[in-house]
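Trainee: Can you keep this structure in mind? I'll have questions shortly.
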Amino acid sequence: MTDRREVFRVLQLVREPEALPTLAPGAARADNRTDTEIRAVTLKTGVLPNATGSAHVEFGETKILCTVSGPQQADGQEFLNHGKLECTVRFTAFARRDEAAGASNAGGGGGGSWADAEGASLATSLMMALNGSVRLDQYPKSVIIVNAMVLEDAGSVLPALVCCASLALGHAGIQLYGMVACCSCAIVGEGRAVIDPCAAEERVAMGLLAAALVPELSHLTLLQEEGRIPFESMTGGLRSVLDGCTSLHERMKMSLTEQAATAAGSTRGKRRRSSASSAAALENGSSEAVPG
């Protein structure tokens, strides 16, 4: 008996293509952003207190959660002079509304083969982007594990994953050469480059370009291209993407600095309260020891 999910997958491949909007030169983007404007960005660290490091990032409606565990001993593996970085990426069942609805209509439980395949591909790109930023020579015989969950994919999921994972590594106290910021652009219309594309812009794009950068080293850790991009659009798009990386990196540094300041303030507050309690206990003890 044929699997209903397989039937639905085939029907999805042969169905009439939906009418998608196009971006003509000079036309406004769907959310009225300029071509070089990034969506509203939210960066948080320490969102899961039981993890060694954690972060939550939002690029518009794209939402990512990352945790870091380790460094831990690399059991069952041959001796490692340098540490090893492992990355996994998973999607929630509701990460993409159209895919979730399709799986539901096909009798599936969400996720499915598209999520497994794309998760594996994104995990490979994520590891390539992060690998050059971690001082793995400081962690012999050790493994550092990054687990990322795509809570919602509304476009530019790889840049959000890279920024979130790098923040989580920083929050975990992993030794880094520098944090990695990532940004992407879509080539739409007649060679027009728009950065931080939403899902609708990615669907109509003739090509996509993503870059990951460690600004402290002026080191490009990842350059990824999909589709056919004219040379003129490639150079202009790359310039815009690198500017986006620099802007995101500043926000990431600010987020980690604020988190560290908050943590330090909380520690000082606890110490003051502890000292006050100890002083009060000593005072009470002294009072009781003085004869009436």
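Numbering starts fresh at 1 for the residues of each chain in the structure tokens, the chains themselves are lettered A, B, ... in the order given, and ligands are numbered from 1 as they appear.
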Can you tell me, as a list in words, what residues are no more than 10 Å from Cys183 of chain A when counting only C-alpha atoms, ignoring any on the same chain fewer than 6 positions away?

Mentor: Ile38, Ser156, Val157, Leu158, Pro159, Ala160, Val162, Cys163, Ile195, Asp196, Pro197, Leu209, Ala210, Ala211, Ala212, Leu213, Leu238, Ser240, Val241, Leu242, Asp243, Gly244, Cys245, Thr246, Ser247 and Leu248 of chain A

Trainee: Which residues come within 10 Å of segment 218-224 of chain A, counting only C-alpha atoms, excluding same-chain residues fewer than 2 positions away, as a ChimeraX atom specification?

Mentor: /A:125-133,178,180-182,184,208-216,226,238,242

Trainee: When distances are computed from only C-alpha atoms, which of A:Val143, A:Leu48, A:Ile229, A:Cys66 shows the smallest separation from Lys84 of chain A?

Mentor: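 Closest to Lys84 of chain A, using only C-alpha atoms: A:Val143.
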
Trainee: So, counting only C-alpha atoms, which residue among A:Ile174, A:Met252, A:Ala263, A:Val89 is closest to Asp137 of chain A?

Mentor: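 Among the listed residues, A:Ile174 lies closest to Asp137 of chain A.
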
Trainee: Can you measure atom CA of Arg29 of chain A to atom CA of Cys198 of chain A for me? One decimal in Å is fine.

Mentor: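 Between these atoms lies a distance of 9.7 Å.
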
Trainee: Out of A:His249, A:Lys141, A:His171, A:Arg239, which residue has the shortest atom-to-atom distance to Gln72 of chain A when counting only C-alpha atoms?

Mentor: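 Ranking A:His249, A:Lys141, A:His171, A:Arg239 by distance to Gln72 of chain A, first place goes to A:Lys141.
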
Trainee: With only C-alpha atoms as the basis for distance, which of A:Ile64, A:Arg192, A:Glu201, A:Phe94 is at the shortest distance from Asp31 of chain A?

Mentor: A:Glu201

Trainee: I'd like to know which residues of segment 187-232 of chain A are strand (DSSP E or B) (by DSSP, run on the backbone); could you write them as a ChimeraX atom specification?

Mentor: /A:187-188,192-195,207-214,219-227

Trainee: Just N, CA and C atoms for this one: save the residues we selected as a PDB file, in the first residue's frame.

Mentor:
ATOM      1  N   ILE A 187      18.928  37.836  -4.462  1.00  0.00           N
ATOM      2  CA  ILE A 187      18.996  38.595  -5.713  1.00  0.00           C
ATOM      3  C   ILE A 187      17.634  38.462  -6.392  1.00  0.00           C
ATOM      4  N   VAL A 188      16.915  39.560  -6.446  1.00  0.00           N
ATOM      5  CA  VAL A 188      15.553  39.550  -6.977  1.00  0.00           C
ATOM      6  C   VAL A 188      15.432  40.569  -8.103  1.00  0.00           C
ATOM      7  N   ARG A 192      18.683  42.981  -8.394  1.00  0.00           N
ATOM      8  CA  ARG A 192      18.540  43.757  -7.158  1.00  0.00           C
ATOM      9  C   ARG A 192      18.851  42.870  -5.955  1.00  0.00           C
ATOM     10  N   ALA A 193      19.724  43.345  -5.054  1.00  0.00           N
ATOM     11  CA  ALA A 193      20.109  42.588  -3.868  1.00  0.00           C
ATOM     12  C   ALA A 193      19.412  43.157  -2.643  1.00  0.00           C
ATOM     13  N   VAL A 194      18.683  42.309  -1.920  1.00  0.00           N
ATOM     14  CA  VAL A 194      18.017  42.722  -0.682  1.00  0.00           C
ATOM     15  C   VAL A 194      18.546  41.839   0.448  1.00  0.00           C
ATOM     16  N   ILE A 195      19.049  42.459   1.525  1.00  0.00           N
ATOM     17  CA  ILE A 195      19.654  41.653   2.586  1.00  0.00           C
ATOM     18  C   ILE A 195      18.601  41.214   3.597  1.00  0.00           C
ATOM     19  N   GLY A 207      18.776  34.010  -6.941  1.00  0.00           N
ATOM     20  CA  GLY A 207      19.961  33.497  -6.266  1.00  0.00           C
ATOM     21  C   GLY A 207      20.015  33.994  -4.836  1.00  0.00           C
ATOM     22  N   LEU A 208      20.695  33.229  -3.990  1.00  0.00           N
ATOM     23  CA  LEU A 208      20.871  33.587  -2.581  1.00  0.00           C
ATOM     24  C   LEU A 208      22.356  33.562  -2.249  1.00  0.00           C
ATOM     25  N   LEU A 209      22.776  34.510  -1.431  1.00  0.00           N
ATOM     26  CA  LEU A 209      24.174  34.617  -1.037  1.00  0.00           C
ATOM     27  C   LEU A 209      24.249  34.802   0.468  1.00  0.00           C
ATOM     28  N   ALA A 210      25.067  33.986   1.154  1.00  0.00           N
ATOM     29  CA  ALA A 210      25.235  34.102   2.602  1.00  0.00           C
ATOM     30  C   ALA A 210      26.716  34.126   2.923  1.00  0.00           C
ATOM     31  N   ALA A 211      27.091  34.945   3.915  1.00  0.00           N
ATOM     32  CA  ALA A 211      28.483  35.028   4.347  1.00  0.00           C
ATOM     33  C   ALA A 211      28.526  35.094   5.862  1.00  0.00           C
ATOM     34  N   ALA A 212      29.545  34.440   6.445  1.00  0.00           N
ATOM     35  CA  ALA A 212      29.779  34.497   7.886  1.00  0.00           C
ATOM     36  C   ALA A 212      31.157  35.097   8.112  1.00  0.00           C
ATOM     37  N   LEU A 213      31.249  36.003   9.068  1.00  0.00           N
ATOM     38  CA  LEU A 213      32.461  36.806   9.242  1.00  0.00           C
ATOM     39  C   LEU A 213      32.847  36.889  10.710  1.00  0.00           C
ATOM     40  N   VAL A 214      34.164  36.786  10.976  1.00  0.00           N
ATOM     41  CA  VAL A 214      34.724  37.100  12.299  1.00  0.00           C
ATOM     42  C   VAL A 214      35.428  38.446  12.140  1.00  0.00           C
ATOM     43  N   HIS A 219      38.125  37.693   8.993  1.00  0.00           N
ATOM     44  CA  HIS A 219      38.171  36.327   8.446  1.00  0.00           C
ATOM     45  C   HIS A 219      36.780  35.877   8.029  1.00  0.00           C
ATOM     46  N   LEU A 220      36.654  35.480   6.779  1.00  0.00           N
ATOM     47  CA  LEU A 220      35.393  34.963   6.252  1.00  0.00           C
ATOM     48  C   LEU A 220      35.366  33.455   6.495  1.00  0.00           C
ATOM     49  N   THR A 221      34.468  32.992   7.367  1.00  0.00           N
ATOM     50  CA  THR A 221      34.418  31.566   7.691  1.00  0.00           C
ATOM     51  C   THR A 221      33.472  30.789   6.790  1.00  0.00           C
ATOM     52  N   LEU A 222      32.583  31.495   6.099  1.00  0.00           N
ATOM     53  CA  LEU A 222      31.626  30.810   5.221  1.00  0.00           C
ATOM     54  C   LEU A 222      31.196  31.756   4.116  1.00  0.00           C
ATOM     55  N   LEU A 223      31.164  31.252   2.897  1.00  0.00           N
ATOM     56  CA  LEU A 223      30.606  31.974   1.759  1.00  0.00           C
ATOM     57  C   LEU A 223      29.806  30.964   0.962  1.00  0.00           C
ATOM     58  N   GLN A 224      28.498  31.158   0.921  1.00  0.00           N
ATOM     59  CA  GLN A 224      27.605  30.156   0.323  1.00  0.00           C
ATOM     60  C   GLN A 224      26.705  30.824  -0.707  1.00  0.00           C
ATOM     61  N   GLU A 225      26.630  30.208  -1.881  1.00  0.00           N
ATOM     62  CA  GLU A 225      25.818  30.763  -2.973  1.00  0.00           C
ATOM     63  C   GLU A 225      24.859  29.699  -3.493  1.00  0.00           C
ATOM     64  N   GLU A 226      23.647  30.113  -3.770  1.00  0.00           N
ATOM     65  CA  GLU A 226      22.657  29.238  -4.387  1.00  0.00           C
ATOM     66  C   GLU A 226      22.060  29.959  -5.586  1.00  0.00           C
ATOM     67  N   GLY A 227      21.787  29.212  -6.638  1.00  0.00           N
ATOM     68  CA  GLY A 227      21.173  29.811  -7.822  1.00  0.00           C
ATOM     69  C   GLY A 227      22.218  30.436  -8.733  1.00  0.00           C
TER      70      GLY A 227
END

Trainee: Taking into account only C-alpha atoms, which residue in the set A:Leu256, A:Met206, A:Lys44, A:Gly83 is nearest to Tyr139 of chain A?

Mentor: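 Ranked by minimum distance to Tyr139 of chain A, first place goes to A:Gly83.
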
Trainee: Name the closest residue to Val146 of chain A among the candidates A:Thr45, A:Thr34, A:Ala165, A:Arg96; distances are taken between atoms, counting only C-alpha atoms.

Mentor: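 Looking only at the distances to Val146 of chain A, the closest residue turns out to be A:Ala165.
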
Trainee: In Å, with one decimal, what is the gap from atom CA of His56 of chain A to atom CA of Gly170 of chain A?

Mentor: 12.8 Å

Trainee: Find the distance between atom CA of Leu85 of chain A and atom CA of Thr262 of chain A and write it in Å to one decimal.

Mentor: 28.7 Å

Trainee: Pick out the residues sitting within 10 Å of Thr62 of chain A, and hand them over as a VMD selection string; count only C-alpha atoms, and ignore anything fewer than 5 positions along from it in its own chain.

Mentor: chain A and resid 39 41 57 95 to 96 150 to 157 160 to 161 198 to 199

Trainee: Once DSSP has gone over the backbone, tell me which residues of segment 132-178 of chain A are in alpha helix (DSSP H), as a PyMOL selection string.

Mentor: chain A and resi 157-171
